[in-house]
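A quick write-up on the structure given underneath.
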Amino acid sequence: MGQIFIHSTAAPECFRAQQRTVDGQNMLMDVPLGHRWLDTFSVSQNATHVVSAYRDALDSQRHKDDVVWQPYTELMGSLPDYCTNGHGSWLSTCPFICFYIVEWHRPERVMRQFGMVQMVPPNCAYDAQLHRLELRGHHHENWVTFHASYIHMWENRGDTIATAALNEGHDHQDYMTWYRSVTRRFIGHDGALRDYSRNLVHRLRRVFI
């Protein structure tokens with residue numbers, strides 16, 4: 001549920017297809033930025049149609065400016081300190097640890113969010129045993145000892161800062177070639193059909209015109 005809430009408030013900032021208008025009367029201090037949005041992008045039908053509408057909006061994005069990779073740049077200076085504490089670790093490839101839970105922070109896979117060129121990211125090591133770990137049978141576990149290796153990585157997070165050249169508005173060709181080979185380009189059938197039809201018309205024009 002938390003991830004859905006974060007997406008619903010952050011999406012209007014990042015995707016122009018989902019942008020809403022700002023409520024100028026609702027710019028209160030010390031409240032989340034999502035509090036300022038007016039929900040002008042809405043669908044009156046049932047939930048299935050709402051999902052289809054959002055899928056179609058995302059699949060219709062074709063221009064690089066349709067995605068705002070750094071939506072909060074102008075707001076950073078006005079945010080309270082608790083929002084920017086630990087900013088030195090934002091680009092660190094390191095584990096996040098909460099008792100028995102360990103999750104990796106992988107900024108090298110989203111470098112455009114930090115104003116840098118996105119290169120082909122290294123493979124992520126996936127520890128299946130770690131993800132199967134649960135509290136049952138571990139009530140008296142000393143997690144500091146159990147996760148000592150990950151805690152050591154966290155304490156040395158300053159040594160694993162991801163870096164790249166500054167992004168000047170162009171995607172790296174090697175990355176785009178890799179990305180197209182591993183991703184699913186369309187979310188819905190309608191988006192895929194439109195793209196196929198568009199490419200077909202383009203090829204026919206090249207043949208007959």
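Each chain in the structure tokens gets a letter, A, B and so on, in the order shown; residues start at 1 in every chain, and ligands are counted from 1 in the order they appear.
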Please return, as a PyMOL selection string, all residues of region 26-206 of chain A that DSSP assigns to helix (DSSP H, G or I) on the basis of the backbone. chain A and resi 26+33-36+47-59+64-66+73-78+81-84+87-89+107-109+111-114+128-131+143-146+148-155+157-159+173-182+189-206
Report as a PyMOL selection string all protein, DNA and RNA residues lying within 12 Å of Thr73 (chain A), evaluated on only C-alpha atoms, omitting residues in the same chain fewer than 5 positions from it. chain A and resi 13-14+68+78-79+113-115
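The environment of Phe146 (chain A) within 12 Å, counting only C-alpha atoms and disregarding residues fewer than 2 places along the same chain, consists of Ile97, Phe99, Tyr100, Ile101, Val102, Leu130, Leu133, His138, His140, Glu141, Asn142, Trp143, Val144, Ala148, Ser149, Tyr150, Ile151 and His152 of chain A.
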Write the residues you've just listed into a file as a short mmCIF file (atom, residue, chain, number, x, y, z; two decimals), in the first residue's frame, and include N, CA and C atoms for each of them.
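And here is the file that came out, again-v3.cif:
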data_model
loop_
_atom_site.label_atom_id
_atom_site.label_comp_id
_atom_site.auth_asym_id
_atom_site.auth_seq_id
_atom_site.Cartn_x
_atom_site.Cartn_y
_atom_site.Cartn_z
N ILE A 97 19.10 -1.43 5.98
CA ILE A 97 18.88 -2.49 6.96
C ILE A 97 17.87 -2.04 8.00
N PHE A 99 16.31 -4.16 11.10
CA PHE A 99 16.25 -5.41 11.84
C PHE A 99 16.64 -6.57 10.92
N TYR A 100 15.70 -7.46 10.57
CA TYR A 100 16.05 -8.62 9.75
C TYR A 100 15.94 -8.34 8.25
N ILE A 101 15.40 -7.19 7.87
CA ILE A 101 15.18 -6.87 6.46
C ILE A 101 16.39 -6.13 5.89
N VAL A 102 16.86 -6.60 4.74
CA VAL A 102 17.95 -5.95 4.02
C VAL A 102 17.52 -5.73 2.57
N LEU A 130 18.34 -14.41 1.44
CA LEU A 130 18.09 -13.20 2.22
C LEU A 130 16.62 -12.79 2.13
N LEU A 133 14.22 -14.79 4.29
CA LEU A 133 14.40 -14.66 5.73
C LEU A 133 13.16 -14.05 6.38
N HIS A 138 13.39 -16.96 14.69
CA HIS A 138 14.53 -16.06 14.93
C HIS A 138 14.21 -15.04 16.03
N HIS A 140 15.09 -14.73 19.02
CA HIS A 140 16.20 -14.33 19.88
C HIS A 140 17.47 -14.07 19.06
N GLU A 141 17.29 -13.85 17.77
CA GLU A 141 18.44 -13.63 16.89
C GLU A 141 19.07 -12.26 17.17
N ASN A 142 20.39 -12.22 17.18
CA ASN A 142 21.11 -10.96 17.28
C ASN A 142 21.37 -10.48 15.85
N TRP A 143 20.53 -9.55 15.39
CA TRP A 143 20.61 -9.14 13.99
C TRP A 143 21.86 -8.33 13.69
N VAL A 144 22.43 -7.70 14.69
CA VAL A 144 23.69 -6.99 14.48
C VAL A 144 24.79 -7.97 14.09
N ALA A 148 26.15 -8.66 10.06
CA ALA A 148 27.38 -7.90 10.27
C ALA A 148 28.01 -7.45 8.95
N SER A 149 28.00 -8.32 7.94
CA SER A 149 28.63 -7.97 6.67
C SER A 149 27.89 -6.82 5.99
N TYR A 150 26.55 -6.82 6.07
CA TYR A 150 25.77 -5.74 5.46
C TYR A 150 25.91 -4.44 6.25
N ILE A 151 25.99 -4.56 7.56
CA ILE A 151 26.20 -3.37 8.39
C ILE A 151 27.56 -2.74 8.08
N HIS A 152 28.55 -3.58 7.83
CA HIS A 152 29.87 -3.07 7.46
C HIS A 152 29.79 -2.31 6.14
#
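For the residues A:Trp178, A:Tyr72, A:Trp90, A:Trp154, ranking by smallest atom-to-atom distance to Pro122 (chain A) using only C-alpha atoms places A:Trp178 first.
Separating CA of Asp66 (chain A) from CA of Leu91 (chain A) is a distance of 24.3 Å.
Proximity ranking of A:Phe15, A:Arg109, A:Ser197, A:Asp159 relative to Arg62 (chain A) places A:Phe15 first, based on only C-alpha atoms.
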Considering only C-alpha atoms, give me a table of residues in region 155-187 of chain A that are at most 12 Å from region 51-58 of chain A, with the closest atom pair and distance in Å for each, as a Markdown table.
| residue | atom | partner | partner_atom | distance |
| --- | --- | --- | --- | --- |
| A:Arg185 | CA | A:Leu58 | CA | 10.4 |
| A:Phe186 | CA | A:Leu58 | CA | 8.4 |
| A:Ile187 | CA | A:Arg55 | CA | 6.0 |
Using the chain letters and numbers from this document, which residues of region 47-158 of chain A does DSSP assign to strand (DSSP E or B), as an mmCIF file with C-alpha atoms, in the first residue's frame?
data_model
loop_
_atom_site.group_PDB
_atom_site.id
_atom_site.type_symbol
_atom_site.label_atom_id
_atom_site.label_comp_id
_atom_site.auth_asym_id
_atom_site.auth_seq_id
_atom_site.Cartn_x
_atom_site.Cartn_y
_atom_site.Cartn_z
ATOM 1 C CA VAL A 67 9.347 12.363 -18.312
ATOM 2 C CA SER A 92 25.660 5.279 -2.550
ATOM 3 C CA CYS A 94 24.607 0.142 -0.315
ATOM 4 C CA PRO A 95 22.223 -2.021 1.719
ATOM 5 C CA PHE A 96 19.380 -0.534 3.746
ATOM 6 C CA ILE A 97 18.885 -2.490 6.960
ATOM 7 C CA CYS A 98 15.885 -2.633 9.278
ATOM 8 C CA ILE A 101 15.177 -6.873 6.455
ATOM 9 C CA VAL A 102 17.953 -5.947 4.020
ATOM 10 C CA GLU A 103 17.202 -4.151 0.748
ATOM 11 C CA TRP A 104 19.729 -2.753 -1.692
ATOM 12 C CA HIS A 105 19.805 0.870 -2.763
ATOM 13 C CA MET A 116 23.700 12.193 -14.898
#
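Distances here use only C-alpha atoms; by that measure, the residue among A:Cys83, A:Leu166, A:Met176, A:Ile161 closest to Val120 (chain A) is A:Met176.
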Using only C-alpha atoms, can you tell me which of A:Leu200, A:Asn85, A:Gln118, A:Pro71 comes closest to His172 (chain A)? A:Gln118
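Note that the spacing between CA of His63 (chain A) and CA of Pro107 (chain A) amounts to 23.8 Å.
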